[in-house]
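Student: Sharing run18.txt below, compact mmCIF, C-alpha atoms and all ligand atoms:
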# COMPACT_ATOMS: atom_id res chain seq x y z
CA MET A 1 7.47 29.96 -63.71
CA TYR A 2 7.25 26.66 -61.83
CA PRO A 3 4.10 24.66 -62.63
CA TRP A 4 2.98 24.50 -58.97
CA ASN A 5 2.72 28.32 -58.87
CA GLU A 6 0.68 28.76 -62.03
CA SER A 7 -2.81 28.65 -60.54
CA LEU A 8 -1.78 30.91 -57.66
CA PHE A 9 -0.37 33.39 -60.18
CA GLU A 10 -3.60 33.31 -62.22
CA GLN A 11 -5.57 34.07 -59.05
CA LEU A 12 -3.30 37.00 -58.26
CA LYS A 13 -3.65 38.33 -61.78
CA THR A 14 -7.44 38.18 -61.83
CA SER A 15 -7.81 39.76 -58.41
CA ARG A 16 -5.04 42.31 -58.97
CA GLU A 17 -7.21 45.42 -58.82
CA ARG A 18 -8.95 44.33 -55.64
CA LEU A 19 -5.75 43.48 -53.78
CA PRO A 20 -4.40 45.85 -51.11
CA HIS A 21 -1.15 47.76 -51.68
CA GLY A 22 0.87 45.48 -49.41
CA LEU A 23 1.22 41.78 -50.21
CA LEU A 24 3.11 39.19 -48.20
CA PHE A 25 4.28 36.17 -50.19
CA ALA A 26 4.85 33.53 -47.51
CA GLY A 27 6.23 30.01 -47.86
CA PRO A 28 9.41 27.94 -47.76
CA ASN A 29 12.41 29.16 -49.74
CA GLY A 30 12.98 27.56 -53.09
CA LEU A 31 9.34 27.37 -54.20
CA GLY A 32 9.63 30.30 -56.60
CA LYS A 33 8.11 33.20 -54.65
CA MET A 34 10.49 35.66 -56.31
CA ASP A 35 9.54 34.44 -59.83
CA VAL A 36 5.86 35.00 -59.07
CA ALA A 37 6.58 38.43 -57.54
CA LEU A 38 8.45 39.46 -60.69
CA GLU A 39 5.76 38.12 -63.04
CA PHE A 40 3.10 39.89 -61.02
CA ALA A 41 5.12 43.12 -61.16
CA ARG A 42 5.47 42.62 -64.92
CA VAL A 43 1.66 42.61 -65.27
CA GLU A 44 1.24 45.54 -62.93
CA LEU A 45 3.80 47.70 -64.72
CA CYS A 46 2.78 46.77 -68.29
CA ALA A 47 1.01 49.58 -70.16
CA ASN A 48 -1.71 47.08 -71.08
CA LYS A 49 -1.74 45.31 -67.69
CA THR A 50 -1.15 42.01 -69.46
CA ALA A 51 2.63 41.59 -69.44
CA CYS A 52 2.35 42.06 -73.21
CA ARG A 53 6.14 41.99 -73.71
CA ALA A 54 5.70 44.71 -76.40
CA CYS A 55 5.04 48.02 -74.63
CA GLN A 56 7.87 50.22 -73.40
CA PRO A 57 7.64 49.22 -69.70
CA CYS A 58 7.59 45.54 -70.71
CA GLN A 59 10.67 45.94 -72.88
CA LEU A 60 12.59 47.78 -70.18
CA PHE A 61 11.44 45.20 -67.67
CA GLU A 62 12.85 42.41 -69.82
CA ALA A 63 16.15 44.29 -70.03
CA GLY A 64 16.23 44.60 -66.24
CA SER A 65 16.23 48.38 -66.45
CA LEU A 66 12.65 49.50 -65.83
CA PRO A 67 13.05 52.31 -63.26
CA ASP A 68 9.64 51.65 -61.71
CA LEU A 69 10.46 48.24 -60.32
CA HIS A 70 12.59 48.23 -57.18
CA LEU A 71 14.00 45.17 -55.51
CA PHE A 72 15.45 45.50 -52.02
CA ALA A 73 17.20 42.35 -50.86
CA ALA A 74 19.42 41.43 -47.93
CA GLU A 75 22.93 40.79 -49.23
CA VAL A 76 23.04 37.11 -48.23
CA TYR A 77 19.69 36.55 -49.93
CA ALA A 78 20.69 38.53 -53.03
CA ASP A 79 23.79 36.39 -53.37
CA ASN A 80 21.55 33.52 -54.50
CA LEU A 81 19.53 35.51 -57.02
CA SER A 82 19.96 35.12 -60.74
CA GLY A 83 18.49 36.50 -63.97
CA LEU A 84 16.15 39.48 -63.72
CA ALA A 85 15.94 39.30 -59.93
CA GLU A 86 19.71 39.68 -59.70
CA LYS A 87 19.73 42.56 -62.18
CA PHE A 88 17.02 44.49 -60.35
CA SER A 89 18.56 43.79 -56.93
CA LEU A 90 21.91 45.27 -57.93
CA ARG A 91 20.48 48.77 -58.28
CA HIS A 92 19.69 48.99 -54.57
CA MET A 93 22.57 46.96 -53.19
CA PRO A 94 24.59 48.76 -50.52
CA GLU A 95 28.21 49.40 -51.46
CA ARG A 96 30.49 46.71 -50.21
CA LYS A 97 34.16 46.65 -49.46
CA LYS A 98 35.80 43.49 -50.68
CA ASP A 99 36.59 41.96 -47.30
CA ARG A 100 33.28 42.74 -45.61
CA LYS A 101 31.03 39.72 -45.03
CA LEU A 102 27.64 39.69 -46.72
CA ARG A 103 24.95 41.09 -44.43
CA PRO A 104 22.06 38.74 -43.60
CA THR A 105 19.85 41.71 -42.67
CA LEU A 106 17.86 44.30 -44.59
CA THR A 107 19.26 47.59 -43.36
CA ILE A 108 17.25 50.58 -42.23
CA ASP A 109 18.84 52.52 -45.12
CA GLN A 110 17.45 50.02 -47.62
CA ILE A 111 13.95 50.40 -46.15
CA ARG A 112 14.26 54.21 -46.11
CA ASN A 113 15.32 53.99 -49.72
CA ALA A 114 12.20 51.93 -50.50
CA ILE A 115 10.01 54.52 -48.82
CA GLU A 116 11.70 57.26 -50.84
CA VAL A 117 11.28 55.60 -54.25
CA LEU A 118 7.64 54.73 -53.54
CA ALA A 119 6.88 58.34 -52.60
CA LYS A 120 7.90 59.55 -56.07
CA ARG A 121 5.72 59.39 -59.15
CA PRO A 122 6.50 56.49 -61.48
CA HIS A 123 8.86 57.31 -64.37
CA ILE A 124 7.51 55.26 -67.25
CA ALA A 125 4.88 52.82 -65.99
CA SER A 126 1.64 53.93 -64.38
CA SER A 127 2.66 52.62 -60.98
CA THR A 128 5.68 51.74 -58.85
CA VAL A 129 6.39 48.28 -57.45
CA ALA A 130 8.81 47.45 -54.64
CA ILE A 131 9.78 43.89 -53.79
CA ILE A 132 11.41 43.40 -50.36
CA ALA A 133 13.13 40.12 -49.52
CA PRO A 134 13.31 38.39 -47.18
CA ALA A 135 10.98 40.33 -44.87
CA GLU A 136 12.22 38.40 -41.83
CA ALA A 137 15.63 39.99 -42.42
CA MET A 138 14.30 43.36 -41.23
CA ASN A 139 15.18 44.39 -37.69
CA VAL A 140 12.65 46.19 -35.49
CA ASN A 141 13.68 49.65 -36.74
CA SER A 142 13.40 48.66 -40.39
CA ALA A 143 10.09 46.92 -39.76
CA ASN A 144 8.66 49.95 -38.00
CA ALA A 145 9.73 52.22 -40.84
CA LEU A 146 8.10 49.86 -43.33
CA LEU A 147 4.98 49.67 -41.20
CA LYS A 148 4.35 53.39 -41.69
CA LEU A 149 4.59 52.84 -45.43
CA LEU A 150 2.10 49.96 -45.30
CA GLU A 151 -0.28 52.02 -43.20
CA GLU A 152 -0.28 54.95 -45.61
CA PRO A 153 0.89 53.68 -48.97
CA PRO A 154 1.26 56.36 -51.67
CA ALA A 155 -1.20 56.04 -54.58
CA ASP A 156 -0.24 53.74 -57.47
CA THR A 157 2.23 51.68 -55.51
CA ARG A 158 2.54 48.01 -54.72
CA ILE A 159 4.75 46.55 -52.02
CA ILE A 160 5.50 42.82 -52.17
CA LEU A 161 7.20 41.30 -49.14
CA LEU A 162 8.70 37.84 -49.44
CA THR A 163 9.15 35.66 -46.37
CA ALA A 164 9.99 32.09 -45.45
CA ALA A 165 9.34 32.85 -41.76
CA PRO A 166 6.11 34.84 -41.32
CA GLY A 167 6.15 33.93 -37.62
CA ARG A 168 9.18 36.16 -37.16
CA LEU A 169 7.50 39.29 -38.55
CA LEU A 170 5.91 41.95 -36.37
CA PRO A 171 2.18 41.21 -35.94
CA THR A 172 1.49 44.76 -37.10
CA ILE A 173 3.25 44.03 -40.42
CA LEU A 174 1.27 40.80 -40.79
CA SER A 175 -1.98 42.64 -40.22
CA ARG A 176 -1.17 45.38 -42.76
CA ALA A 177 -0.18 43.11 -45.64
CA SER A 178 -2.41 40.61 -47.36
CA SER A 179 -0.86 37.15 -47.09
CA VAL A 180 -0.41 34.98 -50.18
CA ASP A 181 0.53 31.46 -49.12
CA PHE A 182 2.97 29.42 -51.18
CA ARG A 183 2.78 25.71 -50.44
CA PRO A 184 5.01 22.90 -51.64
CA PRO A 185 3.44 20.86 -54.45
CA ALA A 186 2.05 17.38 -53.71
CA ASP A 187 4.74 14.68 -53.63
CA SER A 188 3.53 13.23 -56.93
CA GLU A 189 3.77 16.61 -58.68
CA ALA A 190 7.16 17.28 -57.15
CA ALA A 191 8.40 13.82 -58.14
CA ALA A 192 7.17 14.32 -61.70
CA TRP A 193 8.99 17.64 -61.93
CA LEU A 194 12.18 16.12 -60.54
CA ALA A 195 11.87 13.14 -62.92
CA GLY A 196 11.73 15.68 -65.76
CA LYS A 197 15.10 16.91 -64.52
CA GLY A 198 16.50 13.39 -64.48
CA VAL A 199 16.15 12.80 -60.72
CA ARG A 200 14.51 9.44 -60.03
CA HIS A 201 16.27 8.04 -56.98
CA GLY A 202 16.00 9.13 -53.37
CA VAL A 203 13.30 11.63 -54.35
CA HIS A 204 11.36 11.33 -51.09
CA GLU A 205 14.48 11.88 -48.98
CA LEU A 206 15.62 14.80 -51.11
CA LEU A 207 12.21 16.50 -50.84
CA ARG A 208 12.14 15.99 -47.09
CA LEU A 209 15.52 17.71 -46.75
CA ALA A 210 14.39 20.52 -49.05
CA ASP A 211 11.16 21.37 -47.14
CA GLY A 212 9.21 20.01 -50.09
CA ALA A 213 10.66 22.58 -52.50
CA PRO A 214 11.55 20.67 -55.68
CA PRO A 215 14.17 23.16 -56.97
CA ARG A 216 16.04 22.83 -53.68
CA ALA A 217 15.73 19.04 -53.86
CA LEU A 218 17.25 19.25 -57.34
CA LYS A 219 20.09 21.38 -55.99
CA LEU A 220 20.74 18.82 -53.26
CA HIS A 221 20.77 16.07 -55.84
CA GLU A 222 23.16 18.02 -58.05
CA SER A 223 25.41 18.66 -55.07
CA GLY A 224 25.85 14.89 -54.79
CA PHE A 225 23.63 14.21 -51.82
CA MET A 226 24.64 10.60 -51.20
CA LYS A 227 28.28 11.56 -51.36
CA VAL A 228 27.46 14.32 -48.89
CA HIS A 229 25.83 11.82 -46.54
CA GLY A 230 28.96 9.67 -46.55
CA GLU A 231 31.14 12.69 -45.87
CA LEU A 232 28.92 13.80 -42.97
CA VAL A 233 29.27 10.32 -41.43
CA GLY A 234 33.03 10.85 -41.65
CA GLU A 235 32.72 14.26 -39.95
CA VAL A 236 30.64 12.85 -37.09
CA ALA A 237 33.19 10.06 -36.62
CA GLY A 238 36.09 12.53 -36.63
CA LEU A 239 34.41 15.00 -34.26
CA ALA A 240 33.09 12.41 -31.82
CA THR A 241 36.59 10.98 -31.41
CA GLY A 242 38.30 14.38 -31.15
CA ARG A 243 40.28 13.89 -34.38
CA ARG A 244 38.54 16.71 -36.26
CA SER A 245 38.12 20.37 -35.31
CA ALA A 246 34.64 21.91 -35.38
CA VAL A 247 35.94 25.10 -36.98
CA ASP A 248 37.51 23.17 -39.87
CA ALA A 249 34.35 21.14 -40.33
CA ALA A 250 32.23 24.32 -40.41
CA LYS A 251 34.51 25.79 -43.08
CA THR A 252 34.26 22.66 -45.18
CA TRP A 253 30.46 22.72 -45.13
CA ALA A 254 29.79 26.46 -45.45
CA LYS A 255 28.81 26.21 -49.11
CA LEU A 256 25.96 23.71 -48.74
CA GLY A 257 23.10 25.58 -46.96
CA PRO A 258 23.18 25.12 -43.15
CA LYS A 259 19.71 23.61 -43.07
CA ALA A 260 20.77 20.81 -45.39
CA VAL A 261 23.91 20.20 -43.33
CA LEU A 262 22.03 20.24 -40.01
CA GLU A 263 19.37 17.88 -41.28
CA GLY A 264 22.03 15.68 -42.85
CA LEU A 265 23.77 15.49 -39.45
CA VAL A 266 20.51 14.64 -37.68
CA ARG A 267 19.99 11.84 -40.17
CA VAL A 268 23.50 10.49 -39.61
CA ILE A 269 23.09 10.57 -35.83
CA ASP A 270 19.66 8.94 -36.07
CA ASP A 271 21.18 6.11 -38.07
CA TRP A 272 24.06 5.89 -35.61
CA LEU A 273 21.74 5.77 -32.56
CA ARG A 274 19.59 3.15 -34.22
CA ALA A 275 22.69 1.06 -34.83
CA LEU A 276 23.92 1.53 -31.24
CA HIS A 277 20.55 0.62 -29.73
CA THR A 278 20.37 -2.55 -31.77
CA ALA A 279 24.14 -3.13 -31.49
CA ASN A 280 24.09 -3.54 -35.22
CA LEU A 281 26.30 -1.17 -37.19
CA PRO A 282 26.28 -2.39 -40.76
CA ALA A 283 29.70 -3.54 -41.84
CA GLY A 284 30.92 -1.91 -45.01
CA GLY A 285 29.01 1.05 -46.45
CA GLN A 286 29.11 4.64 -45.27
CA MET A 287 28.02 4.06 -41.66
CA SER A 288 30.94 1.74 -40.98
CA GLN A 289 33.11 4.83 -40.50
CA LEU A 290 31.43 5.11 -37.10
CA GLN A 291 32.58 1.65 -36.03
CA GLY A 292 33.96 1.90 -32.48
CA CYS A 293 33.40 5.69 -32.21
CA GLU A 294 30.88 5.10 -29.41
CA GLN A 295 33.67 3.91 -27.06
CA GLY A 296 33.47 5.97 -23.88
CA LEU A 297 30.42 7.94 -24.98
CA SER A 298 27.02 7.84 -23.32
CA LEU A 299 23.93 7.25 -25.41
CA LYS A 300 22.24 10.00 -23.41
CA ASP A 301 24.84 12.54 -24.62
CA ILE A 302 24.44 11.45 -28.22
CA HIS A 303 20.65 11.82 -27.89
CA ALA A 304 21.16 15.32 -26.44
CA VAL A 305 23.37 16.30 -29.39
CA ARG A 306 20.77 14.94 -31.79
CA ALA A 307 18.06 17.05 -30.10
CA HIS A 308 20.29 20.14 -30.24
CA LEU A 309 20.95 19.70 -33.98
CA ALA A 310 17.29 19.06 -34.75
CA ARG A 311 16.38 22.24 -32.88
CA SER A 312 18.95 24.24 -34.84
CA ALA A 313 17.64 22.79 -38.09
CA SER A 314 14.03 23.65 -37.31
CA THR A 315 14.78 27.18 -36.14
CA TRP A 316 17.26 27.94 -38.94
CA ASP A 317 16.42 30.84 -41.18
CA SER A 318 18.39 32.87 -43.66
CA ALA A 319 18.72 35.86 -41.30
CA LEU A 320 21.12 33.88 -39.10
CA ASP A 321 24.87 33.77 -39.66
CA ALA A 322 25.43 30.49 -41.50
CA SER A 323 29.01 29.93 -40.37
CA LEU A 324 28.15 30.45 -36.68
CA VAL A 325 25.22 28.04 -36.89
CA LEU A 326 27.44 25.39 -38.48
CA GLU A 327 30.25 25.93 -35.98
CA ASP A 328 27.80 25.56 -33.11
CA ALA A 329 26.51 22.29 -34.59
CA PHE A 330 29.96 20.78 -35.10
CA LEU A 331 31.10 21.97 -31.65
CA ALA A 332 28.14 20.15 -30.11
CA ILE A 333 29.23 16.91 -31.80
CA GLY A 334 32.88 17.58 -30.93
CA ALA A 335 31.93 18.07 -27.26
CA LEU A 336 31.08 14.35 -27.18
CA SER A 337 34.80 13.62 -27.27
CA GLY A 338 35.41 15.99 -24.34
CA GLY A 339 34.91 13.28 -21.73
CA LYS A 340 37.48 11.00 -23.30
CA ALA A 341 40.96 10.59 -21.91
CA ARG A 342 43.36 12.55 -24.10
ZN ZN A 401 3.36 45.45 -71.75
In structure tokens, write the structure found in this file.
Tutor:
Amino acid sequence: MYPWNESLFEQLKTSRERLPHGLLFAGPNGLGKMDVALEFARVELCANKTACRACQPCQLFEAGSLPDLHLFAAEVYADNLSGLAEKFSLRHMPERKKDRKLRPTLTIDQIRNAIEVLAKRPHIASSTVAIIAPAEAMNVNSANALLKLLEEPPADTRIILLTAAPGRLLPTILSRASSVDFRPPADSEAAAWLAGKGVRHGVHELLRLADGAPPRALKLHESGFMKVHGELVGEVAGLATGRRSAVDAAKTWAKLGPKAVLEGLVRVIDDWLRALHTANLPAGGQMSQLQGCEQGLSLKDIHAVRAHLARSASTWDSALDASLVLEDAFLAIGALSGGKAR
């Protein structure tokens, strides 16, 4: 478990018996909400209520085969799971034909399935735990079905909802589940953790792009963030001059989460605007790829594109279709070249 979640986990453990059936783990993705949910479930399902690692439920838990823990995840979300979370999620994953795209939503069938398993008596442990993630991936029908469950939870059950966007949940769900807030660690703690992973440069920038979640900052670093920045400058230059197609650009960037791409683009355009306003585009270096690209463009249009991208970045969440969001962003930049004589 990540160090910044340890005290929160201890609090959960000590207040376990007083907590309501429904819990809502809320906070940015990448902070380790799933780890805490699993550790909490481990305590709850342990015969000794200590996560002893020795009793039968604990041993089955460790093997990823305890039948009293159920994890319902949207396919897109599950695609990023690993270890025990991945193992448990597979049991309730809808069947998928090879060419079908991963669903960003939690289906009504998945929620009905959750209701069904929670209605049965536990098999081995003394209770049943269901983890549902991400809660914002439920549509209104799924949410209403779940609401009934939260209103009248069967005895000896625990429902843990995970969300990075509590504002998108039905107010009735919010009022029925007890919220547990996950917050990013202080910059100094995050920096120390990243330093332990060998990341010492650009830490502040990486954390900003990762919503303060150090594991995501690490991922960005490992993905070669500075290289990425240079490549995004190249994309903006290509799109703004009509040399590059938005669809191709979106395909190229699909693998790095949309939020990181959108924020990376905002950063590039900010730097570009700053350079244009001061008529000072640094020669050499990554930004020089934008030399002359402003010909025939209005600053007002570039500002409008910047605002559009920033809005997309701030409203992005994992329930949206990543490729559409990226295409929309690159189209907006590409539209700058629309006014040019071709
Ligand atoms: Zn145990």
Student: Residues up to 10 Å from ligand ZN 401 (chain A), counting all atoms listed in the file: could you list those as an mmCIF file with C-alpha atoms, in the coordinates of the input?
Tutor:
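Done, and the output landed in part.cif:
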data_model
loop_
_atom_site.group_PDB
_atom_site.id
_atom_site.type_symbol
_atom_site.label_atom_id
_atom_site.label_comp_id
_atom_site.auth_asym_id
_atom_site.auth_seq_id
_atom_site.Cartn_x
_atom_site.Cartn_y
_atom_site.Cartn_z
ATOM 1 C CA ARG A 42 5.470 42.620 -64.920
ATOM 2 C CA VAL A 43 1.660 42.610 -65.270
ATOM 3 C CA GLU A 44 1.240 45.540 -62.930
ATOM 4 C CA LEU A 45 3.800 47.700 -64.720
ATOM 5 C CA CYS A 46 2.780 46.770 -68.290
ATOM 6 C CA ALA A 47 1.010 49.580 -70.160
ATOM 7 C CA ASN A 48 -1.710 47.080 -71.080
ATOM 8 C CA LYS A 49 -1.740 45.310 -67.690
ATOM 9 C CA THR A 50 -1.150 42.010 -69.460
ATOM 10 C CA ALA A 51 2.630 41.590 -69.440
ATOM 11 C CA CYS A 52 2.350 42.060 -73.210
ATOM 12 C CA ARG A 53 6.140 41.990 -73.710
ATOM 13 C CA ALA A 54 5.700 44.710 -76.400
ATOM 14 C CA CYS A 55 5.040 48.020 -74.630
ATOM 15 C CA GLN A 56 7.870 50.220 -73.400
ATOM 16 C CA PRO A 57 7.640 49.220 -69.700
ATOM 17 C CA CYS A 58 7.590 45.540 -70.710
ATOM 18 C CA GLN A 59 10.670 45.940 -72.880
ATOM 19 C CA LEU A 60 12.590 47.780 -70.180
ATOM 20 C CA PHE A 61 11.440 45.200 -67.670
ATOM 21 C CA ALA A 125 4.880 52.820 -65.990
#
Student: Point out the residue among A:Asp35, A:Asp248, A:Asp109, A:Glu205 with the least atom-to-atom distance to A:Phe330, counting all atoms listed in the file.
Tutor: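 Ranked by minimum distance to A:Phe330, first place goes to A:Asp248.
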Student: Figure out the distance between atom CA of A:Lys255 and atom CA of A:Ala210, please, to one decimal in Å.
Tutor: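 Going from atom CA of A:Ala210 over to atom CA of A:Lys255 covers 15.5 Å.
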Student: For A:Leu149, which of A:Arg91, A:Arg112, A:Lys219, A:Arg168 is the closest residue, counting all atoms listed in the file?
Tutor: A:Arg112
Student: Which residue gives the smallest distance to A:Ala26 among A:Ala63, A:Leu262, A:Leu38, A:Leu169, with all atoms listed in the file counted?
Tutor: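 Among the listed residues, A:Leu169 lies closest to A:Ala26.
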Student: How many Å separate atom CA of A:Val117 from atom CA of A:Glu39?
Tutor: 20.3 Å
Student: Grab the atom CA of A:Leu162 to atom CA of A:Leu150 distance for me, in Å with one decimal place.
Tutor: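 The value is 14.4 Å.
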